[in-house]
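Working notes for the structure below.
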Amino acid sequence: MRECFELRDVDAGGRIGSLSIPRAGRSVETPALLPVINPHLETISPRRLHEEFGAEAIITNAYIFHGSEDFRERALAEGLHDVLDFPGAIVTDSGSFQLAEYGEIDVTTEEILAFQREIGSDVGTPVDIPTPPDVSRERAESELATTQERLELAESVDTGEMLVTAPIQGSTHWDLREAAAAHADGTDLDVFPIGAVVPLLNEYRYADVVDVVAAAKRGLGADAPVHLFGAGHPMMFALAVAMGCDLFDSAAYAIYARDDRYLTVRGTRHLEDLDHLPCPCPVCTEHGAAGLRSLPDGPRETALAAHNLHVSFAEIRRIKAAIRAGNLLELVEERARCHPAMLDGYRTLLDHADQLERTDPASKGTFFYASHESARRPEVRRHHARLARLDVPDAVFLTEGPDAPTDEYAESWRVVPPFGPFPRALSKTYPLTAEVPERTDRASIRAAARGVSALVEANPEADFGLGHRGWPPDALAALPARVESVDLTTDG
Ligand code: GUN
Ligand code: ZN
């Protein structure tokens, strides 16, 4: 059992947790966003990140400190917390990012871990190999073997109270990702970043990001805190949290600000294209679009970076509120409407509905049917699985309308798309308290038909009738032949 991470609340694969960081003498509430600090290019000071934005943790790159004579000496003499002037937790990366960008670095895992410990990092990172997406299986396997050796080496280094991360690689080979995660989970390392997803994020390949996270989660225990390395766009936080990611790091807030890009939860806009600012943050209310544009370069960059951070932290708070209320998937569904690539991501998440169902609580806030994708949610799958375990009388009329017209049926059960049939006694039980639209759709009807089939197939001795409201022929054709159906909209 991992002692540093405690789960407080769960919704789908998403969770609110508390990551305790002994060396920082504090814990961090997750999901958490760690702003990236580059000591050479500071847009917003770490002190301001803490005081104005409530950042409990930041992330910086130990390799940059190691490679700069000035910063190295100061960090060794004063410690990272004083050099950066940050009172919260400081996570450090190792130089693997430079390895991915430039092909070579001049430190080993032992050296950089010792250095991270010496400069007072609270969470250190070994030198993993960030294998890019789409490479051959041979390359992914051989680089993963090196990463795994580094993790084992990291285990053997005395890192004192400092937590140590165990990055998970494996490129876009899902079984390698899963095996990498299982190996990492078997070490005594503490935090589990999913690595080398930056190229996928840059190309908006959210469906692949979801598959990578799903594979890694299959190899990790529920008590493993998961960091999605390099994910900083607030549009995709809800999707990633619903898949089970707990930590994010954002360099995006600063990088985007540098070329006048304005982050929103619905995507990125250029400042020059905006006449009205859709954001209530202090920067936007004070300046407005024209005011922001007229600022000199430096102050404009800082103002945009501040706005980008406000939007990003607000989204993290919104996600936590959604987990508490049990409507995280409604939020993901809303975000999925903002970009087709996000819709691909959400549809891929639903491909993993059975995996998410395993952590989803048995009861939570009211299920809202918000689009035809809702028909594939884990709550619907769970109901269908549960149908097979219900007691059924000899003859049941399943109905979207009035009870059985004759006494040939011992009972009438309700049918509500997308769930399908259930005994009336369960009407007030989650998730059957769902809010569904009056005007249903084919995906919902087909899901209800799957529910009818599940019930009928589990009870070969019983007779079933179905009273439906104009179900299309393909949905009816999918039912077992012995179900006698009547269309309530034409026959009564
Ligand atoms: N930053 C973004 N991706 C990665 C990664 O795969 N490994 C490390 N160490 N840092 C990263
Ligand atoms: Zn704003």
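Please note that chains go A, B, ... in the order of the structure tokens, that every chain numbers its residues from 1, and that ligands are numbered from 1 in the order shown.
Backbone DSSP over region 52-85 of chain A yields strand (DSSP E) at Ala57, Ile58, Ile59, Thr60 and Asn61 of chain A.
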Writer output for current selection, N, CA and C atoms, as a PDB file, in the first residue's frame:
```
ATOM      1  N   ALA A  57       2.084  23.459  -5.746  1.00  0.00           N
ATOM      2  CA  ALA A  57       3.333  22.846  -6.201  1.00  0.00           C
ATOM      3  C   ALA A  57       3.694  23.418  -7.568  1.00  0.00           C
ATOM      4  N   ILE A  58       4.984  23.449  -7.852  1.00  0.00           N
ATOM      5  CA  ILE A  58       5.453  23.831  -9.182  1.00  0.00           C
ATOM      6  C   ILE A  58       6.440  22.762  -9.645  1.00  0.00           C
ATOM      7  N   ILE A  59       6.769  22.812 -10.911  1.00  0.00           N
ATOM      8  CA  ILE A  59       7.765  21.869 -11.421  1.00  0.00           C
ATOM      9  C   ILE A  59       8.828  22.656 -12.176  1.00  0.00           C
ATOM     10  N   THR A  60      10.077  22.254 -11.979  1.00  0.00           N
ATOM     11  CA  THR A  60      11.161  22.884 -12.709  1.00  0.00           C
ATOM     12  C   THR A  60      12.130  21.785 -13.133  1.00  0.00           C
ATOM     13  N   ASN A  61      13.105  22.170 -13.932  1.00  0.00           N
ATOM     14  CA  ASN A  61      13.987  21.167 -14.508  1.00  0.00           C
ATOM     15  C   ASN A  61      15.355  21.216 -13.839  1.00  0.00           C
TER      16      ASN A  61
END
```
Residues within 9 Å of ligand 1, counting only C-alpha atoms and all ligand atoms, as JSON, numbers by chain: {"A": [61, 93, 94, 95, 96, 97, 98, 99, 100, 125, 126, 127, 128, 129, 130, 131, 132, 165, 166, 167, 168, 169, 193, 194, 195, 196, 197, 198, 199, 228, 229, 230, 231, 249]}
Env. residues ligand 2 / 10 Å / only C-alpha atoms and all ligand atoms / as an MDAnalysis selection string: chainID A and resid 262:264 277:289 303:311
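Comparing A:Glu408, A:Glu461, A:Glu435, A:Asp354 by their smallest distance to Gly13 (chain A), the closest is A:Asp354 (using only C-alpha atoms).
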Restricting to only C-alpha atoms, whichever of A:Pro423, A:Gly219, A:Pro225, A:Pro402 is closest to Ser18 (chain A) is A:Pro225
Who sits within 6 Å of region 389-401 of chain A, only C-alpha atoms, same chain under 3 positions skipped, as a PyMOL selection string: chain A and resi 386+404+409-415+462-468
Coordinates-based distance that separates CA of Pro361 (chain A) from CA of Met235 (chain A) (Å, one decimal): 24.9 Å
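For the residues A:Leu343, A:Val483, A:Leu33, A:Ile21, ranking by smallest atom-to-atom distance to Arg317 (chain A) using only C-alpha atoms places A:Leu33 first.
Taking only C-alpha atoms, the non-local environment of Ser453 (chain A) within 8 Å (same-chain residues fewer than 4 positions away omitted) comprises Ala449, Glu457, Ala478, Leu479 and Pro480 of chain A.
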Residue selection dump (C-alpha atoms) as a compact mmCIF listing (two decimals), in the first residue's frame:
```txt
# COMPACT_ATOMS: atom_id res chain seq x y z
CA ALA A 449 -32.61 -2.76 -26.60
CA GLU A 457 -31.11 -13.92 -22.40
CA ALA A 478 -31.57 -6.95 -32.41
CA LEU A 479 -33.93 -8.35 -29.73
CA PRO A 480 -34.25 -12.12 -29.12
```
Can you check which residues of region 113-267 of chain A DSSP gives as helix (DSSP H, G or I) on the backbone and send them as a ChimeraX atom specification? /A:113-118,137-156,174-186,198-202,206-219,234-243,252-258
